[in-house]
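**Q** To be precise about what I am sending: the file is called input11.txt and holds compact mmCIF, C-alpha atoms.
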```txt
# COMPACT_ATOMS: atom_id res chain seq x y z
CA MET G 12 -7.58 -17.39 -10.43
CA THR G 13 -8.85 -13.95 -9.42
CA TYR G 14 -6.50 -13.98 -6.42
CA VAL G 15 -3.53 -14.82 -8.62
CA ALA G 16 -4.56 -12.09 -11.10
CA ASP G 17 -4.78 -9.53 -8.26
CA VAL G 18 -1.38 -10.51 -6.88
CA THR G 19 0.13 -10.36 -10.36
CA ALA G 20 -1.35 -6.93 -11.09
CA LEU G 21 -0.19 -5.54 -7.74
CA ALA G 22 3.31 -7.04 -7.94
CA ARG G 23 3.75 -5.79 -11.51
CA LYS G 24 2.72 -2.35 -10.31
CA ASP G 25 5.33 -2.47 -7.50
CA LEU G 26 8.08 -3.39 -9.97
CA LYS G 27 6.98 -0.66 -12.38
CA VAL G 28 6.93 1.97 -9.62
CA GLU G 29 10.44 0.96 -8.52
CA LEU G 30 11.83 0.84 -12.05
CA ARG G 31 10.63 4.41 -12.56
CA ALA G 32 11.40 5.90 -9.14
CA ARG G 33 14.65 3.92 -8.63
CA ASP G 34 14.40 4.63 -4.90
CA THR G 35 15.16 1.21 -3.48
CA LEU G 36 17.11 -1.15 -5.71
CA PRO G 37 20.18 1.04 -6.44
CA ALA G 38 20.50 1.77 -2.71
CA MET G 39 20.31 -1.94 -1.88
CA LEU G 40 22.92 -2.85 -4.51
CA LEU G 41 25.33 -0.15 -3.39
CA PHE G 42 24.82 -0.98 0.27
CA VAL G 43 25.43 -4.72 -0.03
CA LEU G 44 28.48 -4.22 -2.22
CA SER G 45 30.06 -1.53 -0.06
CA THR G 46 29.36 -3.54 3.11
CA LEU G 47 31.19 -6.55 1.70
CA VAL G 48 34.10 -4.35 0.63
CA VAL G 49 34.34 -2.84 4.13
CA PHE G 50 34.22 -6.31 5.69
CA ARG G 51 36.93 -7.46 3.28
CA PHE G 52 39.32 -4.88 4.69
CA ALA G 53 38.04 -5.10 8.28
CA LEU G 54 38.44 -8.88 8.62
CA PRO G 55 41.98 -10.03 9.46
CA ASN G 56 43.56 -12.22 6.78
CA ASP G 57 43.98 -15.18 9.11
CA SER G 58 40.37 -15.25 10.28
CA GLY G 59 38.48 -18.36 9.30
CA GLY G 60 35.89 -18.72 6.55
CA ASP G 61 33.17 -19.30 9.15
CA ALA G 62 33.46 -15.71 10.36
CA ALA G 63 33.07 -14.51 6.77
CA TYR G 64 29.78 -16.40 6.40
CA GLY G 65 28.51 -14.55 9.47
CA LEU G 66 29.43 -11.23 7.85
CA LEU G 67 27.57 -12.22 4.67
CA TRP G 68 24.45 -12.59 6.78
CA VAL G 69 24.94 -9.20 8.41
CA ALA G 70 25.09 -7.70 4.91
CA ILE G 71 22.02 -9.64 3.73
CA VAL G 72 19.82 -8.76 6.73
CA PHE G 73 20.65 -5.05 6.63
CA THR G 74 20.22 -4.88 2.86
CA ALA G 75 16.80 -6.46 3.29
CA LEU G 76 15.97 -3.91 5.98
CA LEU G 77 16.87 -1.13 3.56
CA GLY G 78 14.43 -2.52 1.00
CA LEU G 79 11.70 -3.13 3.55
CA ALA G 80 11.98 0.41 4.92
CA ARG G 81 11.03 1.71 1.46
CA ALA G 82 8.54 -1.02 0.62
CA TRP G 83 5.33 0.77 1.64
CA VAL G 84 6.41 4.34 0.90
CA PRO G 85 4.55 4.53 -2.47
CA GLU G 86 1.37 3.35 -0.74
CA HIS G 87 1.65 6.04 1.94
CA GLU G 88 2.23 8.82 -0.57
CA HIS G 89 -1.16 10.13 -1.74
CA GLY G 90 -2.89 7.68 0.63
CA VAL G 91 -2.92 4.87 -1.94
CA LEU G 92 -3.12 2.20 0.74
CA ASP G 93 -6.63 3.45 1.59
CA GLY G 94 -7.56 2.99 -2.06
CA LEU G 95 -6.22 -0.57 -2.08
CA VAL G 96 -7.91 -1.44 1.22
CA LEU G 97 -11.26 -0.26 -0.15
CA ALA G 98 -11.00 -2.42 -3.26
CA PRO G 99 -13.06 -5.64 -3.08
CA CYS G 100 -10.04 -7.90 -3.58
CA ASP G 101 -8.69 -10.15 -0.83
CA ARG G 102 -6.49 -7.83 1.24
CA SER G 103 -3.83 -10.49 1.70
CA ALA G 104 -3.16 -10.11 -2.04
CA ILE G 105 -1.66 -6.68 -1.25
CA TRP G 106 0.79 -8.29 1.20
CA PHE G 107 1.55 -11.18 -1.13
CA ALA G 108 2.36 -8.85 -4.02
CA LYS G 109 4.53 -6.64 -1.82
CA THR G 110 6.40 -9.73 -0.60
CA LEU G 111 7.07 -10.86 -4.17
CA ALA G 112 8.28 -7.41 -5.23
CA THR G 113 10.56 -7.04 -2.18
CA LEU G 114 11.88 -10.55 -2.81
CA ALA G 115 12.66 -9.62 -6.43
CA PHE G 116 14.70 -6.61 -5.24
CA LEU G 117 16.51 -8.68 -2.62
CA LEU G 118 17.32 -11.42 -5.15
CA ALA G 119 18.68 -8.76 -7.51
CA ALA G 120 20.93 -7.58 -4.66
CA GLN G 121 22.08 -11.19 -4.09
CA VAL G 122 23.05 -11.50 -7.75
CA VAL G 123 25.71 -8.89 -6.92
CA ALA G 124 26.36 -9.92 -3.30
CA LEU G 125 27.02 -13.66 -3.71
CA PRO G 126 29.66 -13.43 -6.47
CA ALA G 127 31.28 -10.53 -4.56
CA PHE G 128 31.34 -12.68 -1.42
CA ALA G 129 32.86 -15.59 -3.32
CA LEU G 130 35.48 -13.23 -4.76
CA PHE G 131 36.42 -11.54 -1.49
CA PHE G 132 36.01 -14.35 1.05
CA ALA G 133 35.07 -17.93 0.30
CA PRO G 134 33.17 -19.95 -2.28
CA LEU G 135 29.51 -20.79 -1.68
CA ASP G 136 28.26 -24.28 -2.40
CA ALA G 137 24.73 -25.15 -3.59
CA THR G 138 23.48 -25.72 -0.01
CA ALA G 139 24.69 -22.29 1.07
CA VAL G 140 23.03 -20.62 -1.94
CA ALA G 141 19.79 -22.51 -1.21
CA GLY G 142 20.04 -21.27 2.39
CA VAL G 143 20.36 -17.69 1.17
CA LEU G 144 17.32 -18.08 -1.13
CA LEU G 145 15.15 -19.62 1.61
CA ALA G 146 16.20 -16.99 4.13
CA ASP G 147 15.44 -14.25 1.56
CA ILE G 148 11.91 -15.62 1.28
CA GLY G 149 11.56 -15.67 5.07
CA ILE G 150 12.83 -12.10 5.51
CA CYS G 151 10.46 -10.81 2.82
CA VAL G 152 7.45 -12.79 4.07
CA VAL G 153 7.71 -11.55 7.63
CA GLY G 154 9.33 -8.21 6.76
CA SER G 155 6.53 -7.08 4.42
CA LEU G 156 4.00 -7.55 7.18
CA LEU G 157 6.12 -5.80 9.81
CA ALA G 158 7.03 -2.99 7.41
CA ALA G 159 3.31 -2.37 6.85
CA MET G 160 2.85 -2.17 10.62
CA ALA G 161 5.83 0.14 11.05
CA ALA G 162 4.82 2.35 8.12
CA ALA G 163 1.54 3.18 9.83
CA GLY G 164 3.42 4.55 12.85
CA ARG G 165 5.35 7.79 13.24
CA ALA G 166 8.77 6.33 14.10
CA ARG G 167 8.83 3.86 11.21
CA GLU G 168 12.63 4.00 10.67
CA LEU G 169 13.18 3.13 14.32
CA LEU G 170 10.37 0.63 14.63
CA LEU G 171 11.14 -1.52 11.60
CA PRO G 172 14.59 -2.82 12.70
CA LEU G 173 13.24 -3.38 16.21
CA LEU G 174 10.49 -5.58 14.78
CA VAL G 175 12.42 -7.35 12.02
CA LEU G 176 15.81 -8.07 13.60
CA PRO G 177 14.60 -10.38 16.42
CA LEU G 178 12.53 -12.37 13.93
CA SER G 179 15.52 -12.60 11.57
CA ILE G 180 17.67 -14.43 14.12
CA PRO G 181 16.31 -17.91 13.22
CA LEU G 182 16.93 -17.11 9.54
CA VAL G 183 20.53 -16.13 10.25
CA VAL G 184 21.01 -19.31 12.29
CA GLY G 185 19.54 -21.39 9.45
CA GLY G 186 21.47 -19.54 6.74
CA VAL G 187 24.86 -19.74 8.46
CA GLY G 188 24.18 -23.34 9.46
CA SER G 189 23.40 -24.35 5.88
CA ALA G 190 26.72 -22.81 4.76
CA ILE G 191 29.08 -24.17 7.43
CA SER G 192 27.47 -27.29 8.87
CA PRO G 193 28.26 -30.71 7.35
CA ASP G 194 24.56 -31.43 7.81
CA GLY G 195 23.34 -28.34 5.90
CA GLY G 196 20.19 -30.11 4.71
CA ARG G 197 18.70 -30.01 8.22
CA PHE G 198 19.15 -26.24 8.33
CA LEU G 199 17.49 -25.94 4.92
CA LEU G 200 14.54 -27.90 6.26
CA PHE G 201 14.38 -25.55 9.23
CA LEU G 202 14.31 -22.55 6.86
CA VAL G 203 11.51 -24.12 4.80
CA LEU G 204 9.51 -24.63 7.99
CA TYR G 205 10.13 -21.04 9.12
CA ASP G 206 9.06 -19.70 5.71
CA ALA G 207 5.88 -21.80 5.68
CA VAL G 208 4.82 -20.90 9.24
CA PHE G 209 5.43 -17.17 8.84
CA ALA G 210 3.88 -17.09 5.37
CA VAL G 211 0.63 -18.47 6.78
CA LEU G 212 0.74 -16.14 9.81
CA SER G 213 1.48 -13.06 7.69
CA TRP G 214 -1.12 -13.98 5.07
CA ALA G 215 -3.79 -14.44 7.74
CA SER G 216 -2.96 -11.37 9.83
CA PHE G 217 -2.27 -8.74 7.16
CA GLU G 218 -5.89 -7.60 6.99
CA TYR G 219 -5.85 -6.80 10.73
CA VAL G 220 -2.60 -4.90 10.40
CA ILE G 221 -3.87 -2.46 7.79
CA THR G 222 -7.42 -1.95 9.01
CA GLU G 223 -8.58 -0.33 12.20
CA MET S 22 -21.74 7.49 17.52
CA GLU S 23 -18.40 8.69 18.78
CA LYS S 24 -14.80 8.52 17.64
CA ARG S 25 -11.88 9.01 19.99
CA PHE S 26 -8.34 10.09 19.07
CA GLY S 27 -6.51 9.80 22.38
CA LEU S 28 -8.25 12.24 24.68
CA ARG S 29 -9.98 14.06 21.83
CA ARG S 30 -13.53 13.01 20.98
CA VAL S 31 -15.41 13.86 17.78
CA LEU S 32 -18.84 13.01 16.34
CA LEU S 33 -20.29 13.02 19.85
CA GLY S 34 -23.93 12.00 19.69
CA VAL S 35 -24.07 12.04 15.89
CA SER S 36 -26.98 9.94 14.63
CA PHE S 37 -28.53 9.80 11.20
CA GLU S 38 -30.22 7.53 8.69
CA LEU S 39 -29.87 7.79 4.95
CA GLY S 40 -32.02 5.95 2.44
CA ARG S 41 -31.00 4.65 -0.97
CA GLY S 42 -30.81 7.37 -3.59
CA GLU S 43 -30.66 10.16 -1.01
CA THR S 44 -28.01 12.83 -0.74
CA LEU S 45 -26.52 13.86 2.60
CA VAL S 46 -24.54 17.08 2.82
CA VAL S 47 -22.14 17.23 5.77
CA THR S 48 -20.89 20.60 6.93
CA GLY S 49 -18.84 21.78 9.88
CA ALA S 50 -15.75 23.70 10.90
CA ASN S 51 -12.24 22.32 10.58
CA GLY S 52 -11.75 19.56 13.14
CA SER S 53 -15.46 18.92 13.61
CA GLY S 54 -15.08 15.36 12.31
CA LYS S 55 -16.30 15.55 8.69
CA THR S 56 -13.42 13.52 7.27
CA THR S 57 -13.60 11.09 10.21
CA LEU S 58 -17.30 10.51 9.58
CA LEU S 59 -16.64 9.82 5.90
CA ARG S 60 -13.80 7.40 6.71
CA LEU S 61 -16.13 5.58 9.09
CA LEU S 62 -18.77 5.36 6.37
CA VAL S 63 -16.46 3.73 3.85
CA GLY S 64 -15.00 1.33 6.41
CA LEU S 65 -11.51 2.81 6.73
CA ALA S 66 -12.08 3.34 10.45
CA ALA S 67 -14.38 2.01 13.13
CA PRO S 68 -16.40 4.06 15.65
CA SER S 69 -15.09 4.05 19.23
CA ARG S 70 -18.67 3.95 20.52
CA GLY S 71 -22.03 3.39 18.91
CA THR S 72 -22.80 1.57 15.70
CA LEU S 73 -22.70 2.35 12.02
CA GLU S 74 -24.46 0.15 9.50
CA VAL S 75 -23.81 0.62 5.80
CA ASP S 76 -25.88 -1.58 3.51
CA ALA S 77 -23.44 -1.63 0.61
CA ASP S 78 -20.64 -4.05 -0.25
CA ARG S 79 -17.07 -2.75 -0.08
CA GLY S 80 -16.80 -3.00 -3.85
CA ARG S 81 -19.89 -0.85 -4.36
CA ILE S 82 -18.59 2.16 -2.42
CA GLY S 83 -16.76 5.01 -4.11
CA PHE S 84 -14.58 7.29 -2.00
CA LEU S 85 -13.01 10.62 -2.81
CA SER S 86 -10.54 11.53 -0.10
CA HIS S 87 -8.40 14.62 0.54
CA GLU S 88 -5.64 12.58 -1.11
CA PRO S 89 -6.06 11.29 -4.68
CA LEU S 90 -5.30 7.65 -3.64
CA VAL S 91 -3.25 7.01 -6.78
CA TYR S 92 0.42 6.16 -7.41
CA ARG S 93 2.57 9.17 -8.31
CA GLU S 94 4.97 7.13 -10.43
CA LEU S 95 2.27 5.55 -12.57
CA THR S 96 0.40 7.25 -15.37
CA ALA S 97 -3.26 8.13 -14.96
CA LEU S 98 -4.17 5.26 -17.29
CA GLU S 99 -2.02 2.74 -15.40
CA ASN S 100 -3.57 3.83 -12.11
CA LEU S 101 -7.14 3.45 -13.30
CA ASP S 102 -6.31 0.20 -15.05
CA LEU S 103 -4.96 -1.21 -11.77
CA PHE S 104 -7.99 -0.10 -9.77
CA GLY S 105 -10.30 -1.27 -12.56
CA ARG S 106 -8.80 -4.76 -12.28
CA LEU S 107 -9.08 -4.79 -8.48
CA TYR S 108 -12.71 -3.57 -8.65
CA ARG S 109 -13.54 -6.10 -11.43
CA VAL S 110 -14.88 -3.35 -13.65
CA PRO S 111 -16.45 -4.89 -16.76
CA GLU S 112 -15.23 -3.42 -20.07
CA ARG S 113 -12.56 -1.63 -18.05
CA ARG S 114 -10.74 0.11 -20.88
CA GLU S 115 -13.94 1.58 -22.32
CA ARG S 116 -15.11 2.80 -18.91
CA ILE S 117 -11.71 4.39 -18.20
CA GLY S 118 -11.66 6.07 -21.60
CA MET S 119 -15.16 7.45 -21.07
CA LEU S 120 -14.22 8.89 -17.66
CA PHE S 121 -11.03 10.46 -19.03
CA GLU S 122 -13.06 12.09 -21.80
CA ARG S 123 -15.69 13.28 -19.37
CA PHE S 124 -13.20 14.82 -16.93
CA GLY S 125 -10.88 16.27 -19.55
CA LEU S 126 -7.91 13.98 -18.89
CA TRP S 127 -7.81 12.06 -22.16
CA GLU S 128 -4.83 13.98 -23.53
CA ALA S 129 -2.89 13.58 -20.28
CA ARG S 130 -3.72 9.92 -19.71
CA HIS S 131 -0.16 8.72 -20.45
CA GLU S 132 1.47 11.28 -18.14
CA ARG S 133 2.72 10.23 -14.74
CA VAL S 134 0.63 11.57 -11.88
CA HIS S 135 3.57 13.37 -10.25
CA ALA S 136 3.48 15.76 -13.20
CA TYR S 137 -0.22 16.54 -12.67
CA SER S 138 -1.41 19.81 -11.16
CA GLN S 139 -3.58 19.65 -8.03
CA GLY S 140 -6.69 20.21 -10.10
CA MET S 141 -5.80 17.40 -12.52
CA SER S 142 -5.06 15.08 -9.58
CA GLN S 143 -8.49 15.89 -8.16
CA ARG S 144 -10.11 15.09 -11.52
CA LEU S 145 -8.22 11.80 -11.63
CA ALA S 146 -9.32 11.06 -8.08
CA LEU S 147 -12.93 11.63 -9.15
CA CYS S 148 -12.43 9.24 -12.08
CA ARG S 149 -11.07 6.64 -9.64
CA ALA S 150 -14.00 7.11 -7.26
CA LEU S 151 -16.53 6.72 -10.10
CA LEU S 152 -14.69 3.97 -12.00
CA HIS S 153 -16.74 1.04 -10.66
CA ASP S 154 -20.08 2.89 -10.84
CA PRO S 155 -20.58 2.81 -7.05
CA GLU S 156 -23.96 2.58 -5.30
CA LEU S 157 -22.73 4.73 -2.43
CA LEU S 158 -20.49 7.65 -3.31
CA VAL S 159 -18.69 9.38 -0.45
CA LEU S 160 -17.01 12.64 -1.40
CA ASP S 161 -14.77 14.61 0.93
CA GLU S 162 -14.52 18.23 -0.22
CA PRO S 163 -14.95 17.29 -3.90
CA PHE S 164 -14.71 20.86 -5.19
CA ALA S 165 -11.36 21.50 -3.50
CA ALA S 166 -8.59 22.27 -6.01
CA LEU S 167 -10.98 22.24 -8.98
CA ASP S 168 -11.09 25.26 -11.30
CA GLU S 169 -14.37 26.61 -12.69
CA ALA S 170 -14.41 24.15 -15.57
CA GLY S 171 -13.66 21.22 -13.26
CA SER S 172 -16.33 22.33 -10.80
CA ALA S 173 -18.86 22.58 -13.63
CA LEU S 174 -17.98 19.04 -14.73
CA LEU S 175 -18.44 17.77 -11.19
CA ASP S 176 -21.74 19.67 -10.87
CA ALA S 177 -23.01 17.95 -14.00
CA GLU S 178 -21.78 14.55 -12.77
CA LEU S 179 -23.47 14.96 -9.40
CA ALA S 180 -26.70 16.13 -11.06
CA ALA S 181 -26.70 12.92 -13.11
CA LEU S 182 -26.07 10.76 -10.04
CA VAL S 183 -28.59 12.37 -7.70
CA GLY S 184 -31.57 10.11 -7.10
CA THR S 185 -29.94 7.04 -8.65
CA ARG S 186 -27.00 6.78 -6.27
CA THR S 187 -26.64 7.44 -2.56
CA LEU S 188 -24.36 10.41 -2.03
CA VAL S 189 -22.59 11.70 1.06
CA VAL S 190 -20.73 14.94 0.44
CA SER S 191 -18.74 16.96 2.95
CA THR S 192 -18.14 20.57 2.04
CA HIS S 193 -17.25 24.02 3.30
CA ASP S 194 -19.38 25.44 0.48
CA PRO S 195 -22.85 23.93 0.99
CA ALA S 196 -24.44 26.36 -1.48
CA ARG S 197 -22.73 24.49 -4.30
CA ILE S 198 -24.48 21.18 -3.50
CA GLU S 199 -27.54 22.46 -1.61
CA ARG S 200 -29.99 21.93 -4.46
CA HIS S 201 -29.21 18.19 -4.48
CA ALA S 202 -29.41 17.66 -0.72
CA THR S 203 -32.14 15.52 0.77
CA SER S 204 -30.56 15.55 4.27
CA ARG S 205 -28.12 17.82 6.01
CA LEU S 206 -25.77 17.16 8.89
CA ALA S 207 -23.98 20.05 10.57
CA LEU S 208 -21.14 18.87 12.79
CA THR S 209 -20.00 21.02 15.66
```
Please render this file's structure as structure tokens.

**A**
Amino acid sequence: MTYVADVTALARKDLKVELRARDTLPAMLLFVLSTLVVFRFALPNDSGGDAAYGLLWVAIVFTALLGLARAWVPEHEHGVLDGLVLAPCDRSAIWFAKTLATLAFLLAAQVVALPAFALFFAPLDATAVAGVLLADIGICVVGSLLAAMAAAGRARELLLPLLVLPLSIPLVVGGVGSAISPDGGRFLLFLVLYDAVFAVLSWASFEYVITE
Amino acid sequence: MEKRFGLRRVLLGVSFELGRGETLVVTGANGSGKTTLLRLLVGLAAPSRGTLEVDADRGRIGFLSHEPLVYRELTALENLDLFGRLYRVPERRERIGMLFERFGLWEARHERVHAYSQGMSQRLALCRALLHDPELLVLDEPFAALDEAGSALLDAELAALVGTRTLVVSTHDPARIERHATSRLALT
């Protein structure tokens, strides 16, 4: 129960900081919307719906990167991460809370992105939406850990995409597959497996990422 | 003990022992390794060579850094409430209120930290370091940014803690803390 209380307190703090600073969410919303608009005009009218699903995933991955790049900024201002690391709580709670907060921002961006995609390109069925949700979880799970690693370095803006993009490839494969394959359920299962494996790895390794 | 930063080495040959309830004053020029030593003591870094044993749980160490270690977008009260939860401080609200009163921040407790002056941030940082009534209190330049009134408050706080808590204080102004010192460490 203490672990859950710590995660809740930290995640609530992340949401409160973002609601006041408004550094991340408006940028994510504008980015995902403007990307879809650009794709709408860039894609030839006779191109198939499958190509459009690929573009949706480009928009989703880069919107997530935008959020992840800002995820640990409040902790690095005023050295707050040191304060959190010194607290006697389980350090993985810091990662878990950051993952939940980043996921909340990404889901808020999807609330705009998915209807816009359906309007501009093609409708999304329940399997495709489930694929997006599962891939969102995967990006946030692994991205929060990698963003913490990148934030500790000097070239964090450069480092983060280099770390996150290769690990996002399976999520894109699973997400696109769930939208266009007749056997979308198998791709959903793959995404669940990816999320579970990387959640355990990130949870277990976070302490070593933030301590010397 | 020794700590390496690339080719640069600090704290070469530093060795000391500090008993419970003692006060160590650490002095030295800029770059001599005072802050590094304090970060090693609280567990935020590890020595590159040698050993460092601290007989205090993580949750029983209080640390005042050069940075206030608080969120700029949260109010002072929200910050201490968060850290109070994470440190499992019993009767958290009462303890926070008492510290705000003691350090003159009660009136400003609902203000966001980004609106605080440097001196107020330092007072808040002291409140955060003392919040969980630590056994070992590690203070890095605690008088920095404090005005006369703030320094007097800190003097009184340290006087009350001396002998009952283990203190490690780094300073460029040793005269201020000299009367409390039981050990001294001059880094070169």

**Q** Suppose you want the space between CA of Thr203 in chain S and CA of Leu145 in chain S; what is it in Å?

**A** 27.2 Å

**Q** Per residue of chain S within 6 Å of chain G, record the nearest atom pair and its distance in Å to one decimal, counting all atoms listed in the file, with rows in chain order and ascending residue number, as a tab-separated table.

**A**
```
residue	atom	partner	partner_atom	distance
S:Ala66	CA	G:Glu223	CA	5.4
S:Arg79	CA	G:Pro99	CA	5.8
S:Gly80	CA	G:Pro99	CA	4.6
S:Glu88	CA	G:His89	CA	5.1
S:Pro89	CA	G:His89	CA	5.8
S:Leu90	CA	G:Val91	CA	4.0
S:Val91	CA	G:Val91	CA	5.3
S:Glu94	CA	G:Val28	CA	5.6
S:Leu107	CA	G:Cys100	CA	5.9
S:Tyr108	CA	G:Ala98	CA	5.8
```

**Q** So the first atom is CA of Ala177 in chain S and the second is CA of Ser142 in chain S; what is the distance between them in Å, to one decimal place?

**A**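 Computed distance, CA of Ala177 in chain S to CA of Ser142 in chain S, equals 18.7 Å.
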
**Q** Can you find the residues with an atom no farther than 12 Å from (17.4, -26.4, 8.5), counting all atoms listed in the file, and report them as a ChimeraX atom specification?

**A** /G:138-139,141-143,145-146,181-206

**Q** Just how far from CA of Ile150 in chain G is CA of Gly60 in chain G, in Å to one decimal?

**A**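 These atoms are spaced 24.0 Å apart.
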
**Q** Taking all atoms listed in the file into account, which of S:Val159, S:Val31, S:Leu39, S:Met22 comes nearest Gly52 in chain S?

**A**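 Ranked by minimum distance to Gly52 in chain S, first place goes to S:Val31.
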
**Q** Tell me which residues come within 10 Å of (-3.1, -5.9, 10.4), as a PyMOL selection string, counting only C-alpha atoms in the file's coordinates.

**A** chain G and resi 102-103+156-157+159-160+213-223

**Q** Give me the residues near Leu26 in chain G as a PyMOL selection string, where near means some atom within 12 Å (using all atoms listed in the file) and where sequence neighbours in that chain fewer than 5 positions away do not count.

**A** (chain G and resi 19-21+31-36+82+85+108-116) or (chain S and resi 94-95)

**Q** Nearest residue to Ala127 in chain G out of G:Leu40, G:Ala22, G:Leu176, G:Leu170, using only C-alpha atoms?

**A**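 Looking only at the distances to Ala127 in chain G, the closest residue turns out to be G:Leu40.
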
**Q** Find the residues near Leu98 in chain S: any atom within 7 Å, counting all atoms listed in the file, skip ones fewer than 2 places away on the same chain, and give them as a list in words.

**A**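 After dropping sequence-adjacent residues, the list is Thr96, Asn100, Leu101, Asp102, Arg130 and His131 of chain S.
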
**Q** Would you export the selected residues with C-alpha atoms as a PDB file, keeping the file's coordinate frame, please?

**A**
```
ATOM      1  CA  THR S  96       0.400   7.250 -15.370  1.00  0.00           C
ATOM      2  CA  ASN S 100      -3.570   3.830 -12.110  1.00  0.00           C
ATOM      3  CA  LEU S 101      -7.140   3.450 -13.300  1.00  0.00           C
ATOM      4  CA  ASP S 102      -6.310   0.200 -15.050  1.00  0.00           C
ATOM      5  CA  ARG S 130      -3.720   9.920 -19.710  1.00  0.00           C
ATOM      6  CA  HIS S 131      -0.160   8.720 -20.450  1.00  0.00           C
TER       7      HIS S 131
END
```

**Q** In terms of the shortest atom-to-atom distance over all atoms listed in the file, which of S:Gly118, S:Gly49, S:Gly34, S:Gly54 is closest to Pro195 in chain S?

**A**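 So, comparing all the options, the nearest one is S:Gly49.
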
**Q** Counting all atoms listed in the file, figure out which residue out of S:Ile82, S:Ala50, S:Leu62, S:Ala136 gets nearest to Leu152 in chain S.

**A**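 Result for the nearest residue to Leu152 in chain S: S:Ile82.
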
**Q** Quick one: range 172-185 of chain G from the block, N, CA and C atoms, as a PDB file, in the first residue's frame.

**A**
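Result file follows (out34.pdb):
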```pdb
ATOM      1  N   PRO G 172      16.074  10.568 -28.802  1.00  0.00           N
ATOM      2  CA  PRO G 172      15.559   9.861 -29.995  1.00  0.00           C
ATOM      3  C   PRO G 172      16.426   8.671 -30.377  1.00  0.00           C
ATOM      4  N   LEU G 173      17.751   8.809 -30.182  1.00  0.00           N
ATOM      5  CA  LEU G 173      18.634   7.693 -30.544  1.00  0.00           C
ATOM      6  C   LEU G 173      18.363   6.466 -29.674  1.00  0.00           C
ATOM      7  N   LEU G 174      17.955   6.704 -28.442  1.00  0.00           N
ATOM      8  CA  LEU G 174      17.661   5.582 -27.545  1.00  0.00           C
ATOM      9  C   LEU G 174      16.244   5.039 -27.755  1.00  0.00           C
ATOM     10  N   VAL G 175      15.295   5.959 -27.938  1.00  0.00           N
ATOM     11  CA  VAL G 175      13.879   5.541 -27.956  1.00  0.00           C
ATOM     12  C   VAL G 175      13.462   4.954 -29.308  1.00  0.00           C
ATOM     13  N   LEU G 176      13.903   5.581 -30.400  1.00  0.00           N
ATOM     14  CA  LEU G 176      13.383   5.160 -31.713  1.00  0.00           C
ATOM     15  C   LEU G 176      13.656   3.679 -32.038  1.00  0.00           C
ATOM     16  N   PRO G 177      14.867   3.172 -31.817  1.00  0.00           N
ATOM     17  CA  PRO G 177      15.058   1.735 -32.129  1.00  0.00           C
ATOM     18  C   PRO G 177      14.141   0.832 -31.306  1.00  0.00           C
ATOM     19  N   LEU G 178      13.917   1.208 -30.036  1.00  0.00           N
ATOM     20  CA  LEU G 178      13.059   0.368 -29.194  1.00  0.00           C
ATOM     21  C   LEU G 178      11.575   0.557 -29.498  1.00  0.00           C
ATOM     22  N   SER G 179      11.253   1.591 -30.290  1.00  0.00           N
ATOM     23  CA  SER G 179       9.850   1.816 -30.672  1.00  0.00           C
ATOM     24  C   SER G 179       9.449   0.998 -31.897  1.00  0.00           C
ATOM     25  N   ILE G 180      10.439   0.488 -32.601  1.00  0.00           N
ATOM     26  CA  ILE G 180      10.128  -0.231 -33.855  1.00  0.00           C
ATOM     27  C   ILE G 180       9.148  -1.396 -33.615  1.00  0.00           C
ATOM     28  N   PRO G 181       9.383  -2.248 -32.608  1.00  0.00           N
ATOM     29  CA  PRO G 181       8.405  -3.332 -32.382  1.00  0.00           C
ATOM     30  C   PRO G 181       6.999  -2.794 -32.079  1.00  0.00           C
ATOM     31  N   LEU G 182       6.932  -1.646 -31.418  1.00  0.00           N
ATOM     32  CA  LEU G 182       5.619  -1.070 -31.100  1.00  0.00           C
ATOM     33  C   LEU G 182       4.916  -0.594 -32.364  1.00  0.00           C
ATOM     34  N   VAL G 183       5.698  -0.004 -33.267  1.00  0.00           N
ATOM     35  CA  VAL G 183       5.115   0.449 -34.539  1.00  0.00           C
ATOM     36  C   VAL G 183       4.637  -0.763 -35.344  1.00  0.00           C
ATOM     37  N   VAL G 184       5.464  -1.806 -35.370  1.00  0.00           N
ATOM     38  CA  VAL G 184       5.080  -3.035 -36.092  1.00  0.00           C
ATOM     39  C   VAL G 184       3.773  -3.585 -35.506  1.00  0.00           C
ATOM     40  N   GLY G 185       3.709  -3.666 -34.186  1.00  0.00           N
ATOM     41  CA  GLY G 185       2.510  -4.184 -33.514  1.00  0.00           C
ATOM     42  C   GLY G 185       1.305  -3.287 -33.723  1.00  0.00           C
TER      43      GLY G 185
END
```
